[in-house]
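S.K.: Mind having a look at this structure? Questions to follow.
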Amino acid sequence: MSTVDNNLLVGGSPMKSALRKHHLFSSLPEHDLEQLVQLCRLVKLDNEAPLFHQGADAQQFYLVLSGTIKLFRVSPDGLTKVIEVIRQGEAFAEALMFLQQKAYPLNAEAMGKAEVIAIPSQRYKEMILATPECALGVMGNMAMKLHRRINEIEILTLQNTRHRLANYLFGLLPDPAATTGAIELPMAKQLIASQLAMQPETFSRLIKEMKQQGLISVKGGHIDVHDVQGLREFGH
């Protein structure tokens, strides 16, 4: 279930503060930001509630105020392929405002309860075209995402499944320099397997291998890493 609140936070400090902190909006003049906030909507989402569907008209982009959003596609045989997980403070779908055919290429839904700010793309585009510093912020944001995609492609094409899973878990550690650590998986294990381009059975088998080698112990979505260096070397 999703709800839209056109009054809560609009013009108030929490929404304005969230926008101002993000580099897509940090260079906007104060009066432009005030106008934009008045046009934004707060969307509240329950667990697994859809935000938008693939192919829908993309008139808005989004900033996650709280919670987590999953971007995904569904294959013809009904399998979910997770493309990206968007967390608090991150924006998504902003690049679509520069395309001729503005349709969402993915589905988006909440992972747990979430709140997102829906931002009108056309009005924001008009504002940044008049503010070079803000336009540079948009270009920088897109460049970072492109770099991230290139890294993901490299990981999926050049690394084996053992290496991909070890690198993924290593990236979740709060302190990669420590010898041990604890991890909270950000989503269900089958969705992580999908994001890493492996079958759930492969994911489970590799987790079992890590446990047998004494690298980790697992309880639900919580993983204790007993040997960070060994985890890094898993699959090399």
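Order determines the names: the first chain of the structure tokens is A, the second B, and so forth; residues in each chain are numbered 1 upward, and ligands are numbered 1 upward as they are shown.
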Please run DSSP on the backbone and report, as a VMD selection string, all residues within region 74-150 of chain A that come out as helix (DSSP H, G or I).
M.R.: chain A and resid 94 to 98 121 to 129 132 to 150
S.K.: Write out as a PyMOL selection string the residues lying within 7 Å of region 202-219 of chain A, counting only C-alpha atoms and excluding same-chain residues fewer than 3 positions away.
M.R.: chain A and resi 162+193+198-199+222-227+230-231
S.K.: Identify which of the residues A:Val37, A:Gln54, A:Ala177, A:Phe170 lies closest to Arg123 (chain A), counting only C-alpha atoms when measuring atom-to-atom distances.
M.R.: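 Closest residue, counting only C-alpha atoms: A:Val37.
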S.K.: From the options A:Leu45, A:Leu172, A:Leu63, A:Thr161, which residue's atoms come nearest to Glu184 (chain A), counting only C-alpha atoms?
M.R.: A:Leu172
S.K.: What is the CA of Asp46 (chain A) to CA of Thr68 (chain A) distance in Å?
M.R.: 10.9 Å
S.K.: Under the rule that only C-alpha atoms are counted, which of A:Ile69, A:Leu106, A:Ile128, A:Ala166 is the nearest residue to Arg87 (chain A)?
M.R.: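 Selected residue with least distance to Arg87 (chain A): A:Ile69.
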S.K.: May I have all residues of region 129-224 of chain A that DSSP, computed from the backbone, assigns to strand (DSSP E), given as a list in words?
M.R.: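 The strand (DSSP E) residues within region 129-224 of chain A come out as Gly181, Ala182, Ile183, Glu184, Ile216, Ser217, Val218, Lys219, His222, Ile223 and Asp224 of chain A.
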S.K.: Restrict the selected residues to all heavy atoms and save them as an mmCIF file, in the first residue's frame.
M.R.:
```
data_model
loop_
_atom_site.group_PDB
_atom_site.id
_atom_site.type_symbol
_atom_site.label_atom_id
_atom_site.label_comp_id
_atom_site.auth_asym_id
_atom_site.auth_seq_id
_atom_site.Cartn_x
_atom_site.Cartn_y
_atom_site.Cartn_z
ATOM 1 N N GLY A 181 34.097 -8.791 11.949
ATOM 2 C CA GLY A 181 33.035 -7.798 11.804
ATOM 3 C C GLY A 181 31.667 -8.460 11.748
ATOM 4 O O GLY A 181 31.549 -9.692 11.765
ATOM 5 N N ALA A 182 30.636 -7.632 11.707
ATOM 6 C CA ALA A 182 29.255 -8.111 11.648
ATOM 7 C C ALA A 182 28.536 -7.423 10.493
ATOM 8 O O ALA A 182 28.766 -6.244 10.212
ATOM 9 C CB ALA A 182 28.534 -7.838 12.964
ATOM 10 N N ILE A 183 27.659 -8.170 9.842
ATOM 11 C CA ILE A 183 26.947 -7.692 8.662
ATOM 12 C C ILE A 183 25.456 -7.932 8.836
ATOM 13 O O ILE A 183 25.041 -8.996 9.318
ATOM 14 C CB ILE A 183 27.413 -8.441 7.390
ATOM 15 C CG1 ILE A 183 28.869 -8.131 7.061
ATOM 16 C CG2 ILE A 183 26.518 -8.127 6.197
ATOM 17 C CD1 ILE A 183 29.441 -9.023 5.979
ATOM 18 N N GLU A 184 24.648 -6.962 8.450
ATOM 19 C CA GLU A 184 23.207 -7.147 8.341
ATOM 20 C C GLU A 184 22.853 -7.120 6.856
ATOM 21 O O GLU A 184 23.067 -6.116 6.183
ATOM 22 C CB GLU A 184 22.443 -6.054 9.085
ATOM 23 C CG GLU A 184 22.633 -6.037 10.590
ATOM 24 C CD GLU A 184 22.061 -7.278 11.274
ATOM 25 O OE1 GLU A 184 21.149 -7.918 10.680
ATOM 26 O OE2 GLU A 184 22.521 -7.595 12.384
ATOM 27 N N ILE A 216 32.614 -17.386 8.438
ATOM 28 C CA ILE A 216 31.425 -16.674 8.894
ATOM 29 C C ILE A 216 30.541 -17.602 9.716
ATOM 30 O O ILE A 216 30.682 -18.832 9.665
ATOM 31 C CB ILE A 216 30.592 -16.118 7.710
ATOM 32 C CG1 ILE A 216 30.074 -17.281 6.844
ATOM 33 C CG2 ILE A 216 31.404 -15.137 6.869
ATOM 34 C CD1 ILE A 216 29.092 -16.848 5.755
ATOM 35 N N SER A 217 29.612 -17.007 10.442
ATOM 36 C CA SER A 217 28.472 -17.721 11.016
ATOM 37 C C SER A 217 27.238 -16.888 10.703
ATOM 38 O O SER A 217 27.309 -15.661 10.606
ATOM 39 C CB SER A 217 28.634 -17.920 12.527
ATOM 40 O OG SER A 217 28.809 -16.676 13.190
ATOM 41 N N VAL A 218 26.117 -17.580 10.505
ATOM 42 C CA VAL A 218 24.919 -16.921 9.988
ATOM 43 C C VAL A 218 23.730 -17.212 10.887
ATOM 44 O O VAL A 218 23.514 -18.363 11.307
ATOM 45 C CB VAL A 218 24.609 -17.391 8.542
ATOM 46 C CG1 VAL A 218 23.384 -16.660 8.003
ATOM 47 C CG2 VAL A 218 25.813 -17.173 7.635
ATOM 48 N N LYS A 219 22.953 -16.163 11.169
ATOM 49 C CA LYS A 219 21.687 -16.315 11.869
ATOM 50 C C LYS A 219 20.679 -15.389 11.209
ATOM 51 O O LYS A 219 20.692 -14.177 11.442
ATOM 52 C CB LYS A 219 21.829 -16.003 13.353
ATOM 53 C CG LYS A 219 20.546 -16.271 14.150
ATOM 54 C CD LYS A 219 20.750 -16.060 15.640
ATOM 55 C CE LYS A 219 19.473 -16.395 16.412
ATOM 56 N NZ LYS A 219 19.653 -16.188 17.869
ATOM 57 N N HIS A 222 21.636 -11.889 9.733
ATOM 58 C CA HIS A 222 22.834 -11.404 10.432
ATOM 59 C C HIS A 222 23.995 -12.349 10.170
ATOM 60 O O HIS A 222 23.868 -13.569 10.316
ATOM 61 C CB HIS A 222 22.576 -11.309 11.933
ATOM 62 C CG HIS A 222 23.766 -10.826 12.713
ATOM 63 N ND1 HIS A 222 24.049 -9.489 12.875
ATOM 64 C CD2 HIS A 222 24.751 -11.515 13.359
ATOM 65 C CE1 HIS A 222 25.156 -9.372 13.602
ATOM 66 N NE2 HIS A 222 25.597 -10.583 13.898
ATOM 67 N N ILE A 223 25.140 -11.792 9.773
ATOM 68 C CA ILE A 223 26.339 -12.581 9.508
ATOM 69 C C ILE A 223 27.489 -12.039 10.341
ATOM 70 O O ILE A 223 27.809 -10.849 10.281
ATOM 71 C CB ILE A 223 26.717 -12.537 8.014
ATOM 72 C CG1 ILE A 223 25.618 -13.181 7.165
ATOM 73 C CG2 ILE A 223 28.048 -13.246 7.774
ATOM 74 C CD1 ILE A 223 25.899 -13.147 5.674
ATOM 75 N N ASP A 224 28.099 -12.920 11.128
ATOM 76 C CA ASP A 224 29.327 -12.579 11.840
ATOM 77 C C ASP A 224 30.509 -13.051 11.001
ATOM 78 O O ASP A 224 30.585 -14.244 10.641
ATOM 79 C CB ASP A 224 29.368 -13.239 13.220
ATOM 80 C CG ASP A 224 28.413 -12.571 14.202
ATOM 81 O OD1 ASP A 224 28.460 -11.333 14.306
ATOM 82 O OD2 ASP A 224 27.614 -13.298 14.827
#
```
S.K.: Please identify all polymer residues within 12 Å of region 93-98 of chain A, counting only C-alpha atoms, omitting same-chain residues fewer than 2 positions from it, and present them as a PyMOL selection string.
M.R.: chain A and resi 24-25+51-52+54+56-64+69+71+84+86+90-91+100-108+118-126+128-129+135+137-143+145-146
S.K.: For Val82 (chain A), please output as a PyMOL selection string all residues within 8 Å (counting only C-alpha atoms; exclusion window: fewer than 2 positions along the same chain).
M.R.: chain A and resi 70-73+80+84-85+191-192+194-195
S.K.: Write the residues of the preceding selection, restricted to C-alpha atoms, as a short mmCIF file (atom, residue, chain, number, x, y, z; two decimals), in the first residue's frame.
M.R.:
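Just written: part14.cif:
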```cif
data_model
loop_
_atom_site.label_atom_id
_atom_site.label_comp_id
_atom_site.auth_asym_id
_atom_site.auth_seq_id
_atom_site.Cartn_x
_atom_site.Cartn_y
_atom_site.Cartn_z
CA LYS A 70 14.32 -1.86 -4.75
CA LEU A 71 14.69 -1.30 -8.50
CA PHE A 72 14.07 -4.48 -10.47
CA ARG A 73 12.82 -6.18 -13.60
CA THR A 80 12.86 -11.03 -10.29
CA GLU A 84 19.81 -1.67 -7.63
CA VAL A 85 18.87 -1.01 -4.02
CA LEU A 191 17.27 -11.04 -4.01
CA ILE A 192 20.97 -10.72 -3.25
CA SER A 194 19.61 -12.13 -8.20
CA GLN A 195 21.64 -8.94 -7.93
#
```
S.K.: Taking only C-alpha atoms into account, name the residue in A:Glu109, A:Asp175, A:Glu30, A:Glu115 that is nearest to Gly89 (chain A).
M.R.: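 Distance minimum relative to Gly89 (chain A) lands on A:Glu115.
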S.K.: In terms of the shortest atom-to-atom distance over only C-alpha atoms, which of A:Val74, A:Pro174, A:Gly220, A:Leu136 is closest to Lys189 (chain A)?
M.R.: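 With only C-alpha atoms as the atom set, the closest residue is A:Gly220.
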S.K.: Measure the distance from CA of His236 (chain A) to CA of His163 (chain A) in Å and round it to one decimal.
M.R.: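 For CA of His236 (chain A) relative to CA of His163 (chain A), the distance reads 6.4 Å.
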S.K.: Choose the residue, out of A:Leu165, A:Asn160, A:Gly112, A:Ala130, that has the smallest atom-to-atom separation from Pro186 (chain A); count only C-alpha atoms.
M.R.: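 That would be A:Gly112, the residue with the smallest distance to Pro186 (chain A).
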